[in-house]
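Peer 1: Just so it is clear, I am handing over start.cif, which has mmCIF, C-alpha atoms and all ligand atoms.
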data_final
loop_
_atom_site.label_atom_id
_atom_site.label_comp_id
_atom_site.auth_asym_id
_atom_site.auth_seq_id
_atom_site.Cartn_x
_atom_site.Cartn_y
_atom_site.Cartn_z
CA LYS G 1 12.00 172.67 161.86
CA PHE G 2 10.01 175.85 162.28
CA GLY G 3 12.33 178.01 160.20
CA ALA G 4 11.79 179.77 156.92
CA ILE G 5 14.00 182.08 154.89
CA LYS G 6 12.39 185.50 154.98
CA GLU G 7 13.38 188.93 153.68
CA VAL G 8 14.18 191.40 156.45
CA GLN G 9 13.88 195.15 155.94
CA THR G 10 17.55 195.66 155.21
CA GLY G 11 17.32 193.26 152.30
CA GLU G 12 19.47 190.68 154.11
CA THR G 13 18.04 187.22 154.42
CA ALA G 14 17.54 185.82 157.87
CA ASP G 15 16.81 182.25 158.81
CA LEU G 16 14.16 182.51 161.48
CA SER G 17 15.18 179.15 162.89
CA ASP G 18 18.49 180.72 163.99
CA TYR G 19 16.54 182.56 166.68
CA LYS G 20 15.83 180.62 169.86
CA HIS G 21 14.75 181.17 173.43
CA ILE G 22 12.84 183.86 175.28
CA TRP G 23 14.65 186.80 176.84
CA VAL G 24 13.21 188.88 179.63
CA PHE G 25 14.78 192.27 180.32
CA ALA G 26 15.08 191.87 184.10
CA GLU G 27 14.80 195.53 185.01
CA GLN G 28 16.49 196.49 188.25
CA ARG G 29 16.84 199.77 190.02
CA LYS G 30 19.58 200.30 192.59
CA GLY G 31 20.21 196.57 192.72
CA LYS G 32 16.56 195.62 193.30
CA LEU G 33 14.52 193.74 190.72
CA MET G 34 11.26 195.30 189.58
CA ASN G 35 8.19 193.17 190.20
CA VAL G 36 7.35 193.21 186.50
CA ALA G 37 10.64 191.44 185.73
CA LEU G 38 9.54 188.50 187.90
CA GLU G 39 6.07 188.52 186.33
CA LEU G 40 7.64 188.34 182.86
CA ILE G 41 9.94 185.51 183.87
CA GLY G 42 6.76 183.64 184.92
CA GLU G 43 5.05 184.43 181.63
CA GLY G 44 8.20 183.58 179.66
CA HIS G 45 8.28 180.21 181.39
CA ARG G 46 4.67 179.50 180.39
CA LEU G 47 5.32 180.47 176.76
CA ALA G 48 8.60 178.54 176.58
CA ASN G 49 6.88 175.35 177.74
CA GLU G 50 4.32 175.75 174.97
CA ILE G 51 6.84 176.52 172.23
CA SER G 52 9.12 173.53 172.77
CA ALA G 53 10.77 171.48 175.49
CA ASP G 54 14.19 173.00 174.71
CA THR G 55 13.09 176.65 174.68
CA GLN G 56 14.62 178.47 177.62
CA VAL G 57 13.62 181.61 179.46
CA CYS G 58 16.65 183.83 179.97
CA ALA G 59 16.71 186.82 182.33
CA VAL G 60 18.90 189.63 181.00
CA LEU G 61 20.45 191.58 183.86
CA VAL G 62 22.14 194.86 182.97
CA GLY G 63 23.96 197.09 185.46
CA ASN G 64 26.97 197.01 187.72
CA LYS G 65 27.62 194.88 190.83
CA ILE G 66 24.33 193.05 190.43
CA ASP G 67 25.51 189.41 190.66
CA HIS G 68 23.23 188.89 193.67
CA LEU G 69 20.12 189.28 191.47
CA ALA G 70 20.74 186.07 189.50
CA ALA G 71 19.51 183.89 192.39
CA GLU G 72 16.18 185.73 192.48
CA CYS G 73 15.73 185.28 188.71
CA PHE G 74 16.32 181.53 189.07
CA ALA G 75 14.00 181.33 192.07
CA TYR G 76 11.18 182.75 189.96
CA GLY G 77 11.73 180.42 187.01
CA ALA G 78 14.58 181.66 184.77
CA ASP G 79 16.56 178.82 183.15
CA LYS G 80 19.47 181.06 182.36
CA VAL G 81 20.77 184.51 183.34
CA ILE G 82 22.64 186.68 180.86
CA MET G 83 24.73 189.02 182.98
CA ILE G 84 25.84 192.28 181.34
CA GLN G 85 27.89 194.37 183.75
CA ASP G 86 30.12 197.41 183.48
CA PRO G 87 30.69 200.49 185.66
CA LEU G 88 29.29 202.56 182.77
CA LEU G 89 26.00 200.67 183.13
CA GLU G 90 25.56 201.45 186.82
CA GLN G 91 22.98 204.14 186.02
CA TYR G 92 20.35 203.55 183.36
CA THR G 93 21.12 205.52 180.21
CA THR G 94 19.17 205.15 176.99
CA ASP G 95 22.31 204.99 174.83
CA GLY G 96 24.28 202.64 177.03
CA TYR G 97 21.58 200.06 177.67
CA THR G 98 20.37 200.18 174.05
CA LYS G 99 23.86 199.49 172.77
CA VAL G 100 24.77 196.58 175.01
CA ILE G 101 21.42 194.80 174.70
CA THR G 102 21.34 195.27 170.92
CA ASP G 103 24.89 193.86 170.64
CA ALA G 104 23.93 190.86 172.80
CA ILE G 105 20.80 190.22 170.70
CA HIS G 106 22.83 190.28 167.47
CA GLU G 107 25.28 187.82 168.94
CA MET G 108 22.92 185.40 170.72
CA LYS G 109 19.74 185.71 168.61
CA PRO G 110 16.78 185.28 170.94
CA GLU G 111 13.43 184.50 169.35
CA ILE G 112 11.38 186.69 171.70
CA VAL G 113 12.35 189.62 173.94
CA LEU G 114 9.96 190.89 176.63
CA TYR G 115 10.25 194.15 178.58
CA GLY G 116 8.03 195.62 181.30
CA ALA G 117 6.05 198.63 180.06
CA THR G 118 7.75 200.82 182.67
CA HIS G 119 9.32 204.20 181.92
CA ILE G 120 12.62 202.45 181.22
CA GLY G 121 11.09 199.57 179.22
CA ARG G 122 9.11 202.01 177.08
CA ASP G 123 12.24 204.06 176.44
CA LEU G 124 14.47 201.11 175.65
CA ALA G 125 12.38 198.63 173.68
CA PRO G 126 11.57 200.78 170.59
CA ARG G 127 15.20 201.78 170.21
CA ILE G 128 16.43 198.20 170.38
CA ALA G 129 13.66 197.09 168.00
CA ALA G 130 14.69 199.74 165.47
CA ARG G 131 18.35 198.71 165.66
CA CYS G 132 17.37 195.07 165.15
CA ASN G 133 15.08 195.94 162.23
CA THR G 134 12.23 194.19 163.92
CA GLY G 135 8.77 195.11 165.20
CA LEU G 136 7.58 195.96 168.69
CA THR G 137 4.12 195.61 170.20
CA ALA G 138 3.81 198.07 173.06
CA ASP G 139 1.69 197.73 176.18
CA CYS G 140 0.57 194.12 175.78
CA THR G 141 -1.91 192.65 178.21
CA ARG G 142 -1.81 189.10 176.86
CA LEU G 143 0.64 186.83 175.06
CA ASP G 144 -0.13 183.52 173.38
CA VAL G 145 1.96 181.10 171.43
CA LYS G 146 1.34 181.40 167.73
CA VAL G 147 1.75 178.33 165.59
CA SER G 148 1.81 178.49 161.83
CA SER G 149 -1.54 178.80 160.14
CA TYR G 150 -0.72 175.55 158.32
CA ILE G 151 -0.17 173.65 161.56
CA GLU G 152 -3.34 175.17 163.03
CA PHE G 153 -5.18 174.07 159.91
CA ALA G 154 -3.78 170.55 160.16
CA LYS G 155 -4.92 170.38 163.79
CA LYS G 156 -8.30 171.77 162.67
CA LYS G 157 -7.90 174.67 165.07
CA THR G 158 -8.82 177.19 162.41
CA THR G 159 -11.81 177.50 160.17
CA LEU G 160 -9.81 179.41 157.54
CA ASP G 161 -10.01 178.30 153.94
CA ILE G 162 -6.69 176.57 153.09
CA SER G 163 -6.37 178.61 149.89
CA THR G 164 -6.06 181.76 152.05
CA LEU G 165 -3.12 180.39 154.08
CA ASP G 166 0.47 181.36 153.38
CA PRO G 167 2.40 178.17 152.52
CA GLU G 168 5.62 179.94 153.56
CA ASP G 169 4.28 180.48 157.07
CA THR G 170 5.85 177.72 159.08
CA SER G 171 7.00 180.00 161.88
CA THR G 172 6.09 179.82 165.53
CA GLY G 173 6.23 182.78 167.85
CA ILE G 174 3.80 184.80 169.89
CA LYS G 175 0.48 186.48 169.36
CA GLN G 176 0.57 189.76 171.21
CA THR G 177 -2.67 191.30 172.41
CA ARG G 178 -3.08 194.92 173.47
CA PRO G 179 -6.02 197.25 174.00
CA ALA G 180 -6.74 199.65 171.13
CA PHE G 181 -9.25 202.45 170.48
CA GLY G 182 -9.62 203.41 174.13
CA GLY G 183 -9.92 199.81 175.27
CA ASN G 184 -12.97 199.16 173.10
CA LEU G 185 -11.04 196.74 170.90
CA MET G 186 -8.36 194.19 171.66
CA ALA G 187 -5.80 194.08 168.83
CA THR G 188 -3.87 190.85 168.24
CA ILE G 189 -0.53 191.42 166.56
CA ILE G 190 2.01 188.99 165.16
CA CYS G 191 5.48 189.64 163.87
CA PRO G 192 5.78 187.13 161.03
CA ASN G 193 8.95 188.00 159.15
CA THR G 194 11.55 189.36 161.52
CA ARG G 195 13.19 188.27 164.73
CA PRO G 196 13.35 188.76 167.62
CA GLN G 197 9.71 189.45 168.32
CA MET G 198 9.49 192.16 170.95
CA SER G 199 6.79 193.25 173.34
CA THR G 200 6.47 195.58 176.27
CA VAL G 201 4.01 194.16 178.79
CA ARG G 202 2.05 196.07 181.40
CA PRO G 203 3.14 195.59 184.99
CA GLY G 204 0.65 193.70 187.14
CA VAL G 205 -0.92 191.70 184.31
CA MET G 206 1.17 188.51 184.16
CA GLN G 207 1.56 185.97 186.95
CA LYS G 208 4.76 185.45 188.93
CA ARG G 209 5.64 181.81 189.54
CA GLU G 210 5.81 180.40 193.02
CA LYS G 211 9.27 181.21 194.44
CA VAL G 212 11.60 178.19 194.64
CA GLU G 213 14.38 179.02 197.10
CA GLY G 214 17.77 177.68 196.06
CA ALA G 215 16.84 177.10 192.40
CA THR G 216 19.86 177.50 190.14
CA GLY G 217 20.66 177.70 186.46
CA GLU G 218 23.34 178.73 184.01
CA ILE G 219 24.88 182.20 184.24
CA VAL G 220 26.29 183.51 180.96
CA THR G 221 28.57 186.51 181.36
CA TYR G 222 28.34 188.79 178.37
CA LYS G 223 31.23 191.25 178.30
CA PRO G 224 29.81 194.43 176.78
CA THR G 225 31.78 196.64 174.43
CA ILE G 226 31.00 200.06 175.78
CA ALA G 227 32.96 203.29 176.07
CA LYS G 228 32.13 206.65 177.61
CA SER G 229 31.79 208.07 174.10
CA ASP G 230 28.82 205.70 173.47
CA ILE G 231 26.82 207.48 176.17
CA HIS G 232 25.71 210.97 175.28
CA ILE G 233 24.35 212.07 178.64
CA ASP G 234 25.87 212.46 182.09
CA VAL G 235 23.64 211.58 185.03
CA VAL G 236 24.42 214.37 187.46
CA ASP G 237 21.92 213.55 190.18
CA VAL G 238 18.97 211.25 190.78
CA VAL G 239 16.13 213.01 192.59
CA LYS G 240 13.38 210.92 194.06
CA SER G 241 10.03 212.42 193.11
CA ALA G 242 7.04 212.28 195.39
CA LYS G 243 5.36 210.15 192.72
CA GLU G 244 7.70 207.25 193.39
CA LEU G 245 6.22 207.00 196.86
CA VAL G 246 3.00 205.70 195.30
CA SER G 247 3.66 202.05 194.69
CA LEU G 248 0.35 200.86 193.30
CA THR G 249 1.78 197.83 191.53
CA ASP G 250 3.31 196.40 194.71
CA ALA G 251 0.40 197.20 197.06
CA ASP G 252 -1.64 194.39 198.64
CA ILE G 253 -4.55 196.73 199.42
CA ILE G 254 -5.67 199.69 197.32
CA CYS G 255 -8.37 202.16 198.34
CA SER G 256 -9.42 204.06 195.24
CA GLY G 257 -11.63 207.12 195.02
CA GLY G 258 -13.54 208.43 192.03
CA ARG G 259 -15.84 211.26 191.00
CA GLY G 260 -18.29 210.09 193.65
CA LEU G 261 -16.06 211.79 196.26
CA GLY G 262 -17.52 215.08 195.08
CA ASP G 263 -14.36 217.14 195.52
CA ALA G 264 -10.65 216.96 196.31
CA SER G 265 -11.17 216.93 200.09
CA GLY G 266 -12.76 213.47 199.72
CA PHE G 267 -9.27 212.05 199.25
CA LYS G 268 -8.52 212.91 202.91
CA LEU G 269 -11.12 210.28 203.85
CA ILE G 270 -9.67 207.81 201.30
CA GLN G 271 -6.15 208.43 202.73
CA GLU G 272 -7.44 207.83 206.27
CA PHE G 273 -9.14 204.65 205.06
CA ALA G 274 -5.94 203.47 203.33
CA ASP G 275 -3.80 204.24 206.39
CA LYS G 276 -6.20 202.29 208.58
CA VAL G 277 -6.25 199.15 206.43
CA GLY G 278 -2.57 199.32 205.43
CA GLY G 279 -3.23 200.19 201.80
CA VAL G 280 -2.28 202.85 199.28
CA VAL G 281 -4.51 205.42 197.58
CA GLY G 282 -5.64 204.91 194.00
CA SER G 283 -8.05 206.89 191.88
CA SER G 284 -10.12 206.95 188.73
CA ARG G 285 -9.17 209.19 185.85
CA ALA G 286 -12.20 211.40 186.49
CA ALA G 287 -10.69 212.34 189.86
CA VAL G 288 -7.31 213.01 188.24
CA ASP G 289 -8.86 215.08 185.44
CA ALA G 290 -10.74 217.11 188.03
CA GLY G 291 -7.36 217.96 189.60
CA TRP G 292 -8.22 216.26 192.91
CA ILE G 293 -5.21 213.95 192.95
CA ASP G 294 -1.95 213.38 191.07
CA GLN G 295 -1.94 211.18 187.96
CA SER G 296 0.53 208.76 189.59
CA HIS G 297 -2.47 207.42 191.58
CA GLN G 298 -4.57 206.68 188.51
CA VAL G 299 -5.63 203.09 187.95
CA GLY G 300 -6.75 201.92 184.53
CA GLN G 301 -5.94 201.72 180.92
CA THR G 302 -4.06 205.02 180.80
CA GLY G 303 -2.93 204.72 184.40
CA THR G 304 -1.43 201.80 186.29
CA THR G 305 -2.58 198.18 186.02
CA VAL G 306 -2.90 196.73 189.50
CA LYS G 307 -3.60 193.31 191.00
CA PRO G 308 -3.82 193.77 194.78
CA LYS G 309 -5.30 191.27 197.21
CA ILE G 310 -8.14 193.74 197.95
CA TYR G 311 -9.31 196.64 195.80
CA PHE G 312 -11.81 199.08 197.33
CA ALA G 313 -13.59 201.09 194.60
CA CYS G 314 -15.19 204.06 196.34
CA GLY G 315 -17.49 206.20 194.22
CA ILE G 316 -16.14 204.72 190.99
CA SER G 317 -18.72 203.65 188.39
CA GLY G 318 -16.60 200.96 186.68
CA ALA G 319 -16.01 202.34 183.18
CA ILE G 320 -14.30 199.83 180.90
CA GLN G 321 -11.06 201.83 180.95
CA HIS G 322 -10.96 201.70 184.75
CA LEU G 323 -11.86 198.00 184.89
CA ALA G 324 -9.04 197.27 182.41
CA GLY G 325 -6.58 198.24 185.12
CA MET G 326 -8.01 196.48 188.18
CA GLN G 327 -10.47 193.72 187.39
CA THR G 328 -7.96 190.94 187.96
CA SER G 329 -7.58 192.04 191.62
CA ASP G 330 -8.05 189.08 193.95
CA TYR G 331 -11.01 190.60 195.81
CA ILE G 332 -12.98 193.68 194.80
CA VAL G 333 -15.18 195.70 197.16
CA ALA G 334 -17.48 198.27 195.54
CA ILE G 335 -18.86 201.15 197.60
CA ASN G 336 -21.37 203.08 195.51
CA LYS G 337 -24.77 204.73 195.77
CA ASP G 338 -25.81 203.10 192.51
CA ALA G 339 -26.59 199.38 192.89
CA ASP G 340 -26.64 198.97 189.09
CA CYS G 341 -23.28 200.54 188.20
CA PRO G 342 -20.84 198.29 186.25
CA MET G 343 -18.43 198.11 189.20
CA MET G 344 -21.06 196.11 191.09
CA GLU G 345 -20.93 193.46 188.36
CA VAL G 346 -17.22 192.76 188.79
CA ALA G 347 -17.17 193.23 192.59
CA ASP G 348 -16.98 190.28 194.99
CA PHE G 349 -18.59 192.37 197.73
CA CYS G 350 -21.01 195.23 197.06
CA ILE G 351 -21.92 197.96 199.54
CA VAL G 352 -24.74 200.16 198.26
CA GLY G 353 -24.68 203.48 200.06
CA ASP G 354 -23.10 206.88 200.48
CA LEU G 355 -19.33 206.44 200.78
CA TYR G 356 -19.23 209.28 203.33
CA LYS G 357 -21.35 207.13 205.63
CA VAL G 358 -19.95 203.70 204.72
CA ILE G 359 -16.20 204.38 204.95
CA PRO G 360 -16.26 205.96 208.46
CA GLN G 361 -18.23 202.90 209.61
CA ILE G 362 -15.60 200.55 208.18
CA ILE G 363 -12.84 202.60 209.85
CA ALA G 364 -14.67 202.44 213.19
CA GLU G 365 -15.27 198.68 212.89
CA TRP G 366 -11.63 198.12 211.92
CA ASP G 367 -10.55 199.58 215.25
CA LYS G 368 -12.81 197.15 217.10
CA ALA G 369 -11.66 194.11 215.11
P1 LIG W 401 -18.13 208.39 187.22
O1 LIG W 401 -18.25 207.49 186.06
O2 LIG W 401 -18.77 209.72 187.13
O3 LIG W 401 -18.70 207.59 188.48
C1 LIG W 401 -18.89 208.16 189.73
C2 LIG W 401 -19.60 207.13 190.60
O4 LIG W 401 -19.69 207.59 191.93
C3 LIG W 401 -21.00 206.78 190.14
O5 LIG W 401 -21.12 205.38 189.96
C4 LIG W 401 -21.90 207.26 191.29
O6 LIG W 401 -23.02 206.43 191.49
C5 LIG W 401 -20.96 207.19 192.45
N1 LIG W 401 -21.25 208.11 193.55
C6 LIG W 401 -21.57 209.43 193.51
N2 LIG W 401 -21.66 209.93 194.74
C7 LIG W 401 -21.43 208.93 195.60
C8 LIG W 401 -21.38 208.81 197.02
N3 LIG W 401 -21.57 209.89 197.82
N4 LIG W 401 -21.16 207.62 197.57
C9 LIG W 401 -20.97 206.52 196.79
N5 LIG W 401 -20.96 206.56 195.45
C10 LIG W 401 -21.19 207.76 194.86
N6 LIG W 401 -10.69 206.06 183.63
C11 LIG W 401 -9.95 205.53 184.61
O7 LIG W 401 -10.40 205.45 185.76
N7 LIG W 401 -8.68 205.08 184.36
C12 LIG W 401 -8.11 205.13 183.11
O8 LIG W 401 -6.95 204.73 182.95
C13 LIG W 401 -8.89 205.68 182.04
N8 LIG W 401 -8.39 205.74 180.79
C14 LIG W 401 -9.20 206.22 179.79
C15 LIG W 401 -8.71 206.20 178.48
C16 LIG W 401 -9.50 206.68 177.46
C17 LIG W 401 -8.96 206.64 176.06
C18 LIG W 401 -10.79 207.16 177.73
C19 LIG W 401 -11.67 207.64 176.62
C20 LIG W 401 -11.26 207.18 179.02
C21 LIG W 401 -10.47 206.73 180.07
N9 LIG W 401 -10.95 206.74 181.39
C22 LIG W 401 -10.19 206.16 182.35
C23 LIG W 401 -12.19 207.44 181.77
C24 LIG W 401 -13.37 206.50 181.97
O9 LIG W 401 -14.03 206.33 180.73
C25 LIG W 401 -14.38 207.10 182.97
O10 LIG W 401 -14.77 208.38 182.52
C26 LIG W 401 -13.84 207.24 184.39
O11 LIG W 401 -13.27 206.01 184.81
C27 LIG W 401 -14.98 207.61 185.31
O12 LIG W 401 -14.49 207.80 186.61
P2 LIG W 401 -15.44 207.62 187.88
O13 LIG W 401 -15.93 206.22 187.94
O14 LIG W 401 -14.69 208.15 189.05
O15 LIG W 401 -16.62 208.66 187.59
#
Render the structure in this file as structure tokens.
Peer 2:
Amino acid sequence: KFGAIKEVQTGETADLSDYKHIWVFAEQRKGKLMNVALELIGEGHRLANEISADTQVCAVLVGNKIDHLAAECFAYGADKVIMIQDPLLEQYTTDGYTKVITDAIHEMKPEIVLYGATHIGRDLAPRIAARCNTGLTADCTRLDVKVSSYIEFAKKKTTLDISTLDPEDTSTGIKQTRPAFGGNLMATIICPNTRPQMSTVRPGVMQKREKVEGATGEIVTYKPTIAKSDIHIDVVDVVKSAKELVSLTDADIICSGGRGLGDASGFKLIQEFADKVGGVVGSSRAAVDAGWIDQSHQVGQTGTTVKPKIYFACGISGAIQHLAGMQTSDYIVAINKDADCPMMEVADFCIVGDLYKVIPQIIAEWDKA
């Protein structure tokens, strides 16, 4: 019903109604699913319900010996799992993963494909999009279901003049929103003429569904056609960098320090604070730019998006680019000398004072509690 014959870039014609269902690239590392994969399954579920009753959310698992991950995908809301396994896919390689996922897309024609905006997702998604002759919106922070401008008009959900609407536009799909111009503008992007629509989505932004133990669904085994000659690199060794030890996206408590620390040694106090409350250390970009802490700790628009249970902002003013990465935290505590700084406006609990006096008091009280 929602199909229309459209020209694609190759000059072939594609019937958009051939494309159905939402795929989520269920990124795993060493047999463990990334949190963002579960968040995207949740978001995919929400979108699928809005698109139509028969739209499914399908988790795409790529790797080797990863059958055990299907149950987790179902528990978090996947209707279907597409399992792509081969010994050559044991390690992530750009060539190998791009090839097998592109082949599967050509064969099964999903309407929407979502990836986490992780290092792997950012590497993979543009290559697959190029091979599918479709668009990609990178780094989305919001997805909405798009209905055709004609249907919106009929439902009086738009104030547009009917003469400006495209009568050919009967497609559904998604509206993809991402920050632009340093976070000062939110750009909404649609992909009207080609399928699948593809987005990378920031970790920590979308909601996981409540886990349903024992949930099941259909597992489709996709046998990939892949040979060693398709992969142009050899992974010789995988070295764990110190950066990987910072797991901001998975932390329940984050203690972040900013320029208000005064110098690099201030992070010793923040580390002590984090150790005491069972959290991890975050930072503002000002602290990173000053060389006080590694960039892997940076929270915000050009850092990591986080959603912990408690976020302590210590000596951080609350610039829009920092807020973009943490303001959906469950509970925000601001510690700042300036009672009028923007962080105080988003905080649930505000402590006005010198962080060098306030934090040691919290640490001391914590021991008594
Ligand atoms: P400041 O704004 O200087 O604030 C320091 C705060 O510390 C002040 O509120 C002050 O009152 C308080 N203070 C001082 N001394 C004390 C004390 N002893 N006790 C208590 N409080 C004290 N920023 C990010 O954080 N993350 C990003 O991802 C990011 N991306 C950006 C992307 C772009 C394109 C641009 C243009 C900017 C980006 N920024 C980002 C930078 C951002 O605009 C701000 O410059 C930065 O967040 C400021 O960091 P800050 O709050 O630590 O420093």
Peer 1: For each of G:Ser265, G:Ser284, G:Gln327, G:Thr177, take the minimum atom-to-atom distance to ligand LIG 401 (chain W), counting all atoms listed in the file, then give the residue where this is smallest.
Peer 2: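 Among the listed residues, G:Ser284 lies closest to ligand LIG 401 (chain W).
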Peer 1: Record the distance separating CA of Pro126 (chain G) and CA of Met83 (chain G), expressed in Å with one decimal.
Peer 2: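 About the pair CA of Pro126 (chain G) and CA of Met83 (chain G): they are 21.6 Å apart.
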Peer 1: Nearest residue to ligand LIG 401 (chain W) out of G:Ile335, G:Ile233, G:Ile101, G:Met344, using all atoms listed in the file?
Peer 2: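 When distances to ligand LIG 401 (chain W) are compared using all atoms listed in the file, the smallest one comes from G:Ile335.
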Peer 1: Build an axis-aligned box that encloses every atom of ligand LIG 401 (chain W) listed in the file, pad it by 6 Å on each side, and report its centre and edge lengths in Å to one decimal, as AutoDock Vina command-line options.
Peer 2:
--center_x -15.0 --center_y 207.3 --center_z 186.9 --size_x 28.1 --size_y 17.2 --size_z 33.8
Peer 1: Could you check how far CA of Pro203 (chain G) sits from CA of Cys255 (chain G), in Å to one decimal?
Peer 2: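 These two atoms are separated by 18.8 Å.
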Peer 1: If we count only C-alpha atoms and set the cut-off at 7 Å, which residues sit around Arg195 (chain G), ignoring sequence neighbours fewer than 3 positions away in its own chain? Please answer as a list of chain:residue names.
Peer 2: G:Leu16, G:Tyr19, G:Glu111, G:Thr134
